[in-house]
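Some notes on the structure that comes next.
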Amino acid sequence: MAAEAGVKRAFTFRHLSNKMINFMEDNKIRDLFVKWSMHGRITVQVFSFDQHFQAYEKDNFVRAFFQDPNVMANLKVLSALSCEWATLGTEVKKIEAEEVPCNQLSMLFFDCLYTEGIVRETGHITKCLDEFYEDFTISDQLQQVLLLEDSDKYQIFSDTEREEFLFRIFKHLCLGGVLCQYEDMVDPYLETTKAVYKELVSVQKDPVTKDIRIISTVFKVSAYDDYGTCYPSIKKHEQTFAYLIVDPLKRHVHVLYHCFGGGLFCN
């Protein structure tokens, strides 16, 4: 749902430039990002905010985020024209914020890949004859499950499960960038998904039941200026995305951003 600009901001933000993102500094994950054609096109930034947050305030919160001078001066965006990093630096007139379900606490979520034969017991991904779907070359059954609604195994994940933030991270990593070199084994995808998810999503132990619960709220966001879409890119693509992951206790926002491309290609 789109929200028009003009409402007075209730939140102000500060860029936490020294905040370390562990998985972005991990050499093994960096090498995988290079292999998947995402290195240099994926980033995580952290901002703090100054007011109590409630999920129902998403439009006001996201609008305030994009209109905040500190965000405009620091929020990184990859230029579709120059293929260089820049900052937002433009006046946002409209935003779109989709709340993304974030309920999964275990990687057992992906066990169906094994039970349905998409991944063998050895961890090898089952191959298939090459076919093409939009910008992707599909060469294994995992990619079929992720992309092809008419594939035999597409329904091993329900529509509700596919909306989950954990699934979205996994899918983004499996599809990669323009020059992605796909994995033969599923482990690199699962391990990287776990590292990204664990660092971005905050949890809390219930004082009564002692159960662990997720406290983060996740939004998939887009922003528009006078000329059209300005964030995450002027061109839309399934692999061009920006998520705001909000921790209401620490009052932190992690921004997970990627712009599809690689090599000599901008978009």
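Each chain in the structure tokens gets a letter, A, B and so on, in the order shown; residues start at 1 in every chain, and ligands are counted from 1 in the order they appear.
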
Would you tabulate, counting only C-alpha atoms, all residues of stretch 22-122 of chain A that have an atom at most 10 Å from an atom of stretch 10-13 of chain A, showing the closest pair of atoms and their distance in Å to one decimal, sorted by chain then ascending number, as JSON lines?
{"residue": "A:Val46", "atom": "CA", "partner": "A:Phe13", "partner_atom": "CA", "distance": 10.0}
{"residue": "A:Phe47", "atom": "CA", "partner": "A:Phe13", "partner_atom": "CA", "distance": 6.2}
{"residue": "A:Ser48", "atom": "CA", "partner": "A:Phe13", "partner_atom": "CA", "distance": 5.5}
{"residue": "A:Phe49", "atom": "CA", "partner": "A:Phe13", "partner_atom": "CA", "distance": 4.5}
{"residue": "A:Asp50", "atom": "CA", "partner": "A:Thr12", "partner_atom": "CA", "distance": 5.9}
{"residue": "A:Gln51", "atom": "CA", "partner": "A:Phe11", "partner_atom": "CA", "distance": 5.8}
{"residue": "A:His52", "atom": "CA", "partner": "A:Phe11", "partner_atom": "CA", "distance": 8.7}
{"residue": "A:Phe53", "atom": "CA", "partner": "A:Phe11", "partner_atom": "CA", "distance": 9.0}
{"residue": "A:Asn60", "atom": "CA", "partner": "A:Ala10", "partner_atom": "CA", "distance": 7.6}
{"residue": "A:Phe61", "atom": "CA", "partner": "A:Phe11", "partner_atom": "CA", "distance": 6.8}
{"residue": "A:Val62", "atom": "CA", "partner": "A:Phe11", "partner_atom": "CA", "distance": 9.4}
{"residue": "A:Arg63", "atom": "CA", "partner": "A:Phe11", "partner_atom": "CA", "distance": 9.5}
{"residue": "A:Ala64", "atom": "CA", "partner": "A:Phe11", "partner_atom": "CA", "distance": 6.1}
{"residue": "A:Phe65", "atom": "CA", "partner": "A:Phe13", "partner_atom": "CA", "distance": 6.9}
{"residue": "A:Phe66", "atom": "CA", "partner": "A:Phe13", "partner_atom": "CA", "distance": 9.7}
{"residue": "A:Gln67", "atom": "CA", "partner": "A:Thr12", "partner_atom": "CA", "distance": 9.3}
{"residue": "A:Asp68", "atom": "CA", "partner": "A:Thr12", "partner_atom": "CA", "distance": 6.4}
{"residue": "A:Pro69", "atom": "CA", "partner": "A:Phe13", "partner_atom": "CA", "distance": 8.5}
{"residue": "A:Asn70", "atom": "CA", "partner": "A:Phe13", "partner_atom": "CA", "distance": 6.5}
{"residue": "A:Val71", "atom": "CA", "partner": "A:Phe13", "partner_atom": "CA", "distance": 6.9}

Practice problem: For A:Cys174, work out the shell of residues within 9 Å, counting only C-alpha atoms and skipping chain neighbours fewer than 3 positions away, then give it as a PyMOL selection string. | Solution: chain A and resi 36+142-143+146+169-171+180+182-183+189

May I have the residues from that selection written out with N, CA, C and O atoms, as an mmCIF file, in the first residue's frame?
data_model
loop_
_atom_site.group_PDB
_atom_site.id
_atom_site.type_symbol
_atom_site.label_atom_id
_atom_site.label_comp_id
_atom_site.auth_asym_id
_atom_site.auth_seq_id
_atom_site.Cartn_x
_atom_site.Cartn_y
_atom_site.Cartn_z
ATOM 1 N N TRP A 36 28.539 -15.546 -6.269
ATOM 2 C CA TRP A 36 27.128 -15.375 -6.619
ATOM 3 C C TRP A 36 26.843 -14.046 -7.309
ATOM 4 O O TRP A 36 25.681 -13.694 -7.540
ATOM 5 N N LEU A 142 16.208 -27.065 -7.264
ATOM 6 C CA LEU A 142 16.050 -26.000 -6.269
ATOM 7 C C LEU A 142 15.592 -24.718 -6.946
ATOM 8 O O LEU A 142 14.679 -24.033 -6.458
ATOM 9 N N GLN A 143 16.196 -24.380 -8.060
ATOM 10 C CA GLN A 143 15.779 -23.186 -8.786
ATOM 11 C C GLN A 143 14.360 -23.329 -9.317
ATOM 12 O O GLN A 143 13.605 -22.349 -9.354
ATOM 13 N N LEU A 146 12.081 -22.520 -6.507
ATOM 14 C CA LEU A 146 12.087 -21.100 -6.180
ATOM 15 C C LEU A 146 11.347 -20.244 -7.201
ATOM 16 O O LEU A 146 10.749 -19.222 -6.844
ATOM 17 N N ILE A 169 15.326 -14.446 2.185
ATOM 18 C CA ILE A 169 16.791 -14.365 2.206
ATOM 19 C C ILE A 169 17.382 -15.539 1.444
ATOM 20 O O ILE A 169 18.268 -15.372 0.597
ATOM 21 N N PHE A 170 16.890 -16.728 1.740
ATOM 22 C CA PHE A 170 17.371 -17.940 1.074
ATOM 23 C C PHE A 170 17.202 -17.828 -0.437
ATOM 24 O O PHE A 170 18.132 -18.109 -1.210
ATOM 25 N N LYS A 171 16.047 -17.406 -0.888
ATOM 26 C CA LYS A 171 15.775 -17.286 -2.317
ATOM 27 C C LYS A 171 16.696 -16.253 -2.964
ATOM 28 O O LYS A 171 17.263 -16.501 -4.035
ATOM 29 N N CYS A 180 25.973 -15.010 -11.643
ATOM 30 C CA CYS A 180 25.999 -15.960 -10.535
ATOM 31 C C CYS A 180 26.509 -17.328 -10.971
ATOM 32 O O CYS A 180 26.075 -17.885 -11.988
ATOM 33 N N TYR A 182 26.247 -20.892 -9.700
ATOM 34 C CA TYR A 182 25.378 -21.588 -8.765
ATOM 35 C C TYR A 182 26.114 -22.736 -8.073
ATOM 36 O O TYR A 182 27.049 -23.314 -8.608
ATOM 37 N N GLU A 183 25.669 -23.036 -6.865
ATOM 38 C CA GLU A 183 26.266 -24.097 -6.063
ATOM 39 C C GLU A 183 25.724 -25.472 -6.464
ATOM 40 O O GLU A 183 24.559 -25.605 -6.844
ATOM 41 N N TYR A 189 24.300 -22.137 0.703
ATOM 42 C CA TYR A 189 23.088 -21.319 0.736
ATOM 43 C C TYR A 189 22.466 -21.302 2.127
ATOM 44 O O TYR A 189 22.093 -20.247 2.656
#

Practice problem: Compare A:Lys153, A:Lys210, A:Lys235, A:His39 by their minimum atom-to-atom distance to A:Leu81, counting only C-alpha atoms, and give me the closest one. | Solution: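 Of A:Lys153, A:Lys210, A:Lys235, A:His39, the one nearest A:Leu81 is A:Lys235, counting only C-alpha atoms.
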
Give me, as a short mmCIF file (atom, residue, chain, number, x, y, z; two decimals) with all heavy atoms, in the first residue's frame, all polymer residues having an atom no more than 6 Å from A:Ala97, counting only C-alpha atoms and skipping those fewer than 3 positions away in the same chain.
data_model
loop_
_atom_site.label_atom_id
_atom_site.label_comp_id
_atom_site.auth_asym_id
_atom_site.auth_seq_id
_atom_site.Cartn_x
_atom_site.Cartn_y
_atom_site.Cartn_z
N PHE A 219 10.16 -4.80 7.01
CA PHE A 219 9.44 -4.18 5.91
C PHE A 219 10.26 -4.28 4.63
O PHE A 219 11.46 -4.01 4.65
CB PHE A 219 9.17 -2.69 6.19
CG PHE A 219 8.45 -2.41 7.47
CD1 PHE A 219 9.03 -1.61 8.44
CD2 PHE A 219 7.19 -2.94 7.71
CE1 PHE A 219 8.37 -1.34 9.63
CE2 PHE A 219 6.53 -2.68 8.90
CZ PHE A 219 7.11 -1.88 9.86
N LYS A 220 9.60 -4.63 3.54
CA LYS A 220 10.21 -4.46 2.23
C LYS A 220 9.77 -3.10 1.72
O LYS A 220 8.57 -2.79 1.72
CB LYS A 220 9.76 -5.56 1.26
CG LYS A 220 10.48 -5.50 -0.07
CD LYS A 220 10.09 -6.66 -0.99
CE LYS A 220 10.90 -6.61 -2.27
NZ LYS A 220 10.53 -7.70 -3.20
N VAL A 221 10.73 -2.27 1.29
CA VAL A 221 10.42 -0.87 1.05
C VAL A 221 10.83 -0.43 -0.35
O VAL A 221 11.78 -0.96 -0.95
CB VAL A 221 11.10 0.05 2.09
CG1 VAL A 221 10.55 -0.24 3.48
CG2 VAL A 221 12.61 -0.09 2.06
#

Quiz prompt | Pairwise distance for atom CA of A:Phe136 and atom CA of A:Pro232, rounded to one decimal in Å | solution = 20.5 Å

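Comparing A:Thr126, A:Gln104, A:Thr217, A:Ser202 by their smallest distance to A:Gln144, the closest is A:Thr126 (using only C-alpha atoms).
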